[in-house]
Amino acid sequence: MMSRGEYLYRLQCLDSEDDARRRRLTEVEAALRESEALKEARRSVEHAQAQVRKLAARQQSLELELKGLVDKLSASEQRLYSGVLKNPKEMADLEAEVAALNRRRQKLEDDLLEAMIAREEAEETLNKARKHLDHLEADWSARQAELTAEQQALRHRLEELREAREVLLSDISPGDLQVYQNLRRRKGGLAVVTLQGDVCGGCGIAVSPSLKWQLRQEGIGYCSHCERIIVMQ
Ligand SMILES: [Zn+2]
């Protein structure tokens with residue numbers, strides 16, 4: 001037959017373990033969901049893909065425009081040097097047109113080069129983003145099996161604790177339980193501690209000789225400093 005103090009101490013042990021396992025279960029369940037980092041990495045890849053598509057389309061449209069211009073330029077040049085034009089005004093106009101087309105071509109070639117560089121940079125960014133995502137996904141997948149097993153073990157243990165607590169409660173008076181629960185709320189979950197030599201296991205302060213005597217006699221008392229229930233182990 002356990003004493004009143006022993007029952008309360010046992011209850012504290014069950015509840016402390018329950019608290020710790022619940023905290024761990026919350027962590028495990030968070031790790032089982034996709035992390036913010038993973039979602040962020042996926043968004044980065046999508047963004048980089050859109051950027052590459054946009055720049056590829058720009059490059060293609062500049063290439064088409066340049067090709068059209070080069071065709072037009074070579075037709076004008078052919079006409080200019082073919083000797084079919086006899087009128088000096090017509091010749092001068094065509095020369096001016098060829099010069100304008102050449103300037104336009106120069107500009108388009110510069111734009112095209114810029115577009116190609118931007119596209120290469122965007123592809124580089126996309127590759128890096130993909131690698132980062134692959135790395136995070138591989139890490140995440142590798143941990144899933146382990147985390148799922150831990151989650152199941154934790155749930156199982158929490159169920160055992162719940163059952164053990166229910167059995168134990170039949171041996172604890174409603175008054176003691178109320179004091180215990182009140183202390184648990186106010187004292188960071190720790191209501192019952194053991195006497196550690198001469199000091200309270202909760203606050204570390206030495207107990208008075210009279211309390212020590214009481215603990216020896218009754219196995220239970222209250223710390224005058226932190227108010228927790230002290231039991232003799
Ligand atoms: Zn104390």
# chains A, B, ... in the order shown; residues from 1 in each chain; ligands from 1
call {"tool": "residues_near_ligand", "arguments": {"ligand": "ligand 1", "cutoff": "6 Å", "atoms": "only C-alpha atoms and all ligand atoms", "output": "JSON, numbers by chain"}}
result
{"A": [200, 202, 203, 223, 225, 226, 228]}
call {"tool": "residues_around", "arguments": {"residues": "range 11-15 of chain A", "least_positions_apart": "2", "cutoff": "7 Å", "atoms": "only C-alpha atoms", "output": "list in words"}}
result
Tyr7, Leu8, Tyr9, Glu17, Asp18, Asp19, Leu161, Arg165, Ala191 and Val192 of chain A
call {"tool": "write_last_selection", "arguments": {"atoms": "N, CA and C atoms", "output": "mmCIF file, in the first residue's frame"}}
result
data_model
loop_
_atom_site.group_PDB
_atom_site.id
_atom_site.type_symbol
_atom_site.label_atom_id
_atom_site.label_comp_id
_atom_site.auth_asym_id
_atom_site.auth_seq_id
_atom_site.Cartn_x
_atom_site.Cartn_y
_atom_site.Cartn_z
ATOM 1 N N TYR A 7 1.412 8.373 -3.648
ATOM 2 C CA TYR A 7 0.408 8.454 -4.728
ATOM 3 C C TYR A 7 0.529 9.776 -5.479
ATOM 4 N N LEU A 8 0.666 10.852 -4.718
ATOM 5 C CA LEU A 8 0.770 12.169 -5.360
ATOM 6 C C LEU A 8 2.045 12.276 -6.194
ATOM 7 N N TYR A 9 3.130 11.704 -5.641
ATOM 8 C CA TYR A 9 4.389 11.753 -6.388
ATOM 9 C C TYR A 9 4.277 10.951 -7.690
ATOM 10 N N GLU A 17 5.669 13.205 -17.360
ATOM 11 C CA GLU A 17 5.994 12.467 -18.592
ATOM 12 C C GLU A 17 4.989 12.807 -19.685
ATOM 13 N N ASP A 18 3.734 12.912 -19.306
ATOM 14 C CA ASP A 18 2.683 13.272 -20.261
ATOM 15 C C ASP A 18 2.984 14.640 -20.899
ATOM 16 N N ASP A 19 3.381 15.608 -20.075
ATOM 17 C CA ASP A 19 3.720 16.953 -20.593
ATOM 18 C C ASP A 19 4.851 16.864 -21.618
ATOM 19 N N LEU A 161 -0.326 6.312 -20.412
ATOM 20 C CA LEU A 161 -0.263 7.264 -19.299
ATOM 21 C C LEU A 161 -1.664 7.662 -18.840
ATOM 22 N N ARG A 165 -3.090 6.956 -15.158
ATOM 23 C CA ARG A 165 -3.538 8.104 -14.367
ATOM 24 C C ARG A 165 -4.959 7.850 -13.827
ATOM 25 N N ALA A 191 4.139 20.157 -9.259
ATOM 26 C CA ALA A 191 3.438 20.357 -7.987
ATOM 27 C C ALA A 191 4.056 19.542 -6.862
ATOM 28 N N VAL A 192 4.587 18.374 -7.195
ATOM 29 C CA VAL A 192 5.113 17.465 -6.172
ATOM 30 C C VAL A 192 6.594 17.216 -6.426
#
call {"tool": "residues_around", "arguments": {"residues": "range 154-156 of chain A", "least_positions_apart": "6", "cutoff": "8 Å", "atoms": "only C-alpha atoms", "output": "list in words"}}
result
Arg21, Arg22 and Leu25 of chain A
call {"tool": "write_last_selection", "arguments": {"atoms": "N, CA and C atoms", "output": "compact mmCIF listing (two decimals), in the first residue's frame"}}
result
# COMPACT_ATOMS: atom_id res chain seq x y z
N ARG A 21 5.97 14.27 -23.32
CA ARG A 21 5.63 13.52 -24.55
C ARG A 21 4.70 14.33 -25.44
N ARG A 22 3.81 15.09 -24.84
CA ARG A 22 2.93 15.95 -25.65
C ARG A 22 3.72 17.02 -26.39
N LEU A 25 5.37 15.34 -29.20
CA LEU A 25 4.39 14.99 -30.24
C LEU A 25 4.08 16.21 -31.11
call {"tool": "atom_distance", "arguments": {"atom1": "CA of Ala122 in chain A", "atom2": "CA of Ala50 in chain A"}}
result
9.5 Å
call {"tool": "select_by_dssp", "arguments": {"residues": "range 11-228 of chain A", "states": "strand (DSSP E)", "output": "PyMOL selection string"}}
result
chain A and resi 192-196+199-200+220-222
call {"tool": "write_last_selection", "arguments": {"atoms": "C-alpha atoms", "output": "short mmCIF file (atom, residue, chain, number, x, y, z; two decimals), in the first residue's frame"}}
result
data_model
loop_
_atom_site.label_atom_id
_atom_site.label_comp_id
_atom_site.auth_asym_id
_atom_site.auth_seq_id
_atom_site.Cartn_x
_atom_site.Cartn_y
_atom_site.Cartn_z
CA VAL A 192 5.11 17.46 -6.17
CA VAL A 193 8.84 17.19 -5.53
CA THR A 194 11.07 14.99 -3.43
CA LEU A 195 13.30 16.01 -0.56
CA GLN A 196 16.88 16.07 -1.83
CA VAL A 199 16.63 20.80 0.31
CA CYS A 200 13.34 21.06 -1.59
CA ILE A 220 4.35 14.55 3.01
CA GLY A 221 4.55 18.31 3.64
CA TYR A 222 4.58 21.70 1.96
#
call {"tool": "residues_around", "arguments": {"residues": "range 51-62 of chain A", "least_positions_apart": "2", "cutoff": "12 Å", "atoms": "only C-alpha atoms", "output": "PDB file with C-alpha atoms, in the first residue's frame"}}
result
ATOM      1  CA  SER A  44      11.391  30.032 -55.424  1.00  0.00           C
ATOM      2  CA  VAL A  45      11.573  27.321 -58.085  1.00  0.00           C
ATOM      3  CA  GLU A  46       8.179  28.334 -59.497  1.00  0.00           C
ATOM      4  CA  HIS A  47       9.204  31.973 -59.584  1.00  0.00           C
ATOM      5  CA  ALA A  48      12.527  31.173 -61.301  1.00  0.00           C
ATOM      6  CA  GLN A  49      10.728  28.983 -63.860  1.00  0.00           C
ATOM      7  CA  LEU A  64      12.466  37.038 -85.001  1.00  0.00           C
ATOM      8  CA  GLU A  65      12.545  40.797 -85.221  1.00  0.00           C
ATOM      9  CA  LEU A  66      16.262  40.743 -86.049  1.00  0.00           C
ATOM     10  CA  LYS A  67      15.767  38.122 -88.735  1.00  0.00           C
ATOM     11  CA  GLY A  68      13.033  40.210 -90.384  1.00  0.00           C
ATOM     12  CA  LEU A  69      15.253  43.270 -90.239  1.00  0.00           C
ATOM     13  CA  ARG A 104      18.270  49.484 -85.803  1.00  0.00           C
ATOM     14  CA  ARG A 105      20.077  46.175 -86.317  1.00  0.00           C
ATOM     15  CA  LYS A 107      20.392  48.148 -81.337  1.00  0.00           C
ATOM     16  CA  LEU A 108      18.513  44.859 -81.759  1.00  0.00           C
ATOM     17  CA  GLU A 109      21.749  42.863 -81.552  1.00  0.00           C
ATOM     18  CA  ASP A 110      22.652  44.620 -78.307  1.00  0.00           C
ATOM     19  CA  ASP A 111      19.181  43.962 -76.914  1.00  0.00           C
ATOM     20  CA  LEU A 112      19.402  40.336 -77.970  1.00  0.00           C
ATOM     21  CA  LEU A 113      22.759  39.861 -76.297  1.00  0.00           C
ATOM     22  CA  GLU A 114      21.402  41.404 -73.108  1.00  0.00           C
ATOM     23  CA  ALA A 115      18.344  39.152 -73.263  1.00  0.00           C
ATOM     24  CA  MET A 116      20.549  36.070 -73.717  1.00  0.00           C
ATOM     25  CA  ILE A 117      22.691  36.989 -70.716  1.00  0.00           C
ATOM     26  CA  ALA A 118      19.599  37.643 -68.586  1.00  0.00           C
ATOM     27  CA  ARG A 119      18.172  34.279 -69.631  1.00  0.00           C
ATOM     28  CA  GLU A 120      21.393  32.471 -68.747  1.00  0.00           C
ATOM     29  CA  GLU A 121      21.415  34.136 -65.352  1.00  0.00           C
ATOM     30  CA  ALA A 122      17.784  33.191 -64.799  1.00  0.00           C
ATOM     31  CA  GLU A 123      18.575  29.577 -65.728  1.00  0.00           C
ATOM     32  CA  GLU A 124      21.451  29.585 -63.283  1.00  0.00           C
ATOM     33  CA  THR A 125      19.131  30.893 -60.562  1.00  0.00           C
ATOM     34  CA  LEU A 126      16.580  28.216 -61.441  1.00  0.00           C
ATOM     35  CA  ASN A 127      19.219  25.464 -61.211  1.00  0.00           C
TER      36      ASN A 127
END
call {"tool": "closest_residue", "arguments": {"among": "A:Lys39, A:Ser208, A:Gly201, A:Ser16", "to": "Arg184 in chain A", "atoms": "only C-alpha atoms"}}
result
A:Ser16
call {"tool": "closest_residue", "arguments": {"among": "A:Thr148, A:Asn87, A:Gln214, A:Ser74", "to": "Asn102 in chain A", "atoms": "only C-alpha atoms"}}
result
A:Ser74
call {"tool": "closest_residue", "arguments": {"among": "A:Ala75, A:Val179, A:Ala149, A:Ala129", "to": "Arg42 in chain A", "atoms": "only C-alpha atoms"}}
result
A:Ala129
call {"tool": "select_by_dssp", "arguments": {"residues": "range 9-220 of chain A", "states": "alpha helix (DSSP H)", "output": "VMD selection string"}}
result
chain A and resid 9 to 32 36 to 81 88 to 169 174 to 186 209 to 218
call {"tool": "atom_distance", "arguments": {"atom1": "CA of Leu158 in chain A", "atom2": "CA of Arg4 in chain A"}}
result
24.3 Å
call {"tool": "atom_distance", "arguments": {"atom1": "CA of Gln151 in chain A", "atom2": "CA of Val28 in chain A"}}
result
6.5 Å
call {"tool": "closest_residue", "arguments": {"among": "A:Leu169, A:Ile230, A:Val207, A:Ala96", "to": "Gly5 in chain A", "atoms": "only C-alpha atoms"}}
result
A:Ile230
call {"tool": "closest_residue", "arguments": {"among": "A:Lys86, A:Lys187, A:Arg157, A:Arg103", "to": "Leu73 in chain A", "atoms": "only C-alpha atoms"}}
result
A:Arg103
call {"tool": "residues_around", "arguments": {"residues": "Ser3 in chain A", "least_positions_apart": "2", "cutoff": "12 Å", "atoms": "only C-alpha atoms", "output": "VMD selection string"}}
result
chain A and resid 1 5 to 10 171 to 173 215 217 to 220 231 to 233
call {"tool": "write_last_selection", "arguments": {"atoms": "N, CA and C atoms", "output": "PDB file, in the first residue's frame"}}
result
ATOM      1  N   MET A   1       0.847  -1.212   0.000  1.00  0.00           N
ATOM      2  CA  MET A   1       0.000   0.000   0.000  1.00  0.00           C
ATOM      3  C   MET A   1       0.873   1.249   0.000  1.00  0.00           C
ATOM      4  N   GLY A   5       1.574  10.584   0.057  1.00  0.00           N
ATOM      5  CA  GLY A   5       2.656  11.286  -0.651  1.00  0.00           C
ATOM      6  C   GLY A   5       3.130  10.510  -1.870  1.00  0.00           C
ATOM      7  N   GLU A   6       3.219   9.201  -1.708  1.00  0.00           N
ATOM      8  CA  GLU A   6       3.696   8.368  -2.828  1.00  0.00           C
ATOM      9  C   GLU A   6       2.710   8.395  -4.000  1.00  0.00           C
ATOM     10  N   TYR A   7       1.412   8.373  -3.648  1.00  0.00           N
ATOM     11  CA  TYR A   7       0.408   8.454  -4.728  1.00  0.00           C
ATOM     12  C   TYR A   7       0.529   9.776  -5.479  1.00  0.00           C
ATOM     13  N   LEU A   8       0.666  10.852  -4.718  1.00  0.00           N
ATOM     14  CA  LEU A   8       0.770  12.169  -5.360  1.00  0.00           C
ATOM     15  C   LEU A   8       2.045  12.276  -6.194  1.00  0.00           C
ATOM     16  N   TYR A   9       3.130  11.704  -5.641  1.00  0.00           N
ATOM     17  CA  TYR A   9       4.389  11.753  -6.388  1.00  0.00           C
ATOM     18  C   TYR A   9       4.277  10.951  -7.690  1.00  0.00           C
ATOM     19  N   ARG A  10       3.614   9.821  -7.586  1.00  0.00           N
ATOM     20  CA  ARG A  10       3.403   8.980  -8.779  1.00  0.00           C
ATOM     21  C   ARG A  10       2.577   9.747  -9.821  1.00  0.00           C
ATOM     22  N   ASP A 171      -7.096   6.423  -5.952  1.00  0.00           N
ATOM     23  CA  ASP A 171      -6.413   6.362  -4.655  1.00  0.00           C
ATOM     24  C   ASP A 171      -6.056   7.748  -4.121  1.00  0.00           C
ATOM     25  N   ILE A 172      -6.475   8.804  -4.790  1.00  0.00           N
ATOM     26  CA  ILE A 172      -6.128  10.164  -4.352  1.00  0.00           C
ATOM     27  C   ILE A 172      -7.417  10.895  -3.989  1.00  0.00           C
ATOM     28  N   SER A 173      -7.403  11.550  -2.814  1.00  0.00           N
ATOM     29  CA  SER A 173      -8.631  12.224  -2.358  1.00  0.00           C
ATOM     30  C   SER A 173      -8.917  13.448  -3.216  1.00  0.00           C
ATOM     31  N   LEU A 215       8.134  15.384   7.472  1.00  0.00           N
ATOM     32  CA  LEU A 215       8.274  14.538   6.279  1.00  0.00           C
ATOM     33  C   LEU A 215       8.613  13.103   6.675  1.00  0.00           C
ATOM     34  N   GLN A 217       7.851  11.688   9.496  1.00  0.00           N
ATOM     35  CA  GLN A 217       6.700  11.085  10.149  1.00  0.00           C
ATOM     36  C   GLN A 217       5.575  10.760   9.181  1.00  0.00           C
ATOM     37  N   GLU A 218       5.225  11.743   8.347  1.00  0.00           N
ATOM     38  CA  GLU A 218       4.008  11.597   7.529  1.00  0.00           C
ATOM     39  C   GLU A 218       4.288  11.330   6.059  1.00  0.00           C
ATOM     40  N   GLY A 219       5.550  11.564   5.651  1.00  0.00           N
ATOM     41  CA  GLY A 219       5.914  11.322   4.247  1.00  0.00           C
ATOM     42  C   GLY A 219       5.460  12.424   3.314  1.00  0.00           C
ATOM     43  N   ILE A 220       4.848  13.481   3.876  1.00  0.00           N
ATOM     44  CA  ILE A 220       4.347  14.554   3.009  1.00  0.00           C
ATOM     45  C   ILE A 220       4.323  15.887   3.764  1.00  0.00           C
ATOM     46  N   VAL A 231       7.610  15.288  -0.852  1.00  0.00           N
ATOM     47  CA  VAL A 231       7.419  13.931  -0.336  1.00  0.00           C
ATOM     48  C   VAL A 231       8.782  13.301  -0.056  1.00  0.00           C
ATOM     49  N   MET A 232       8.751  12.297   0.820  1.00  0.00           N
ATOM     50  CA  MET A 232       9.970  11.543   1.113  1.00  0.00           C
ATOM     51  C   MET A 232      10.065  10.419   0.099  1.00  0.00           C
ATOM     52  N   GLN A 233      11.210  10.246  -0.471  1.00  0.00           N
ATOM     53  CA  GLN A 233      11.380   9.163  -1.441  1.00  0.00           C
ATOM     54  C   GLN A 233      11.908   7.925  -0.725  1.00  0.00           C
TER      55      GLN A 233
END
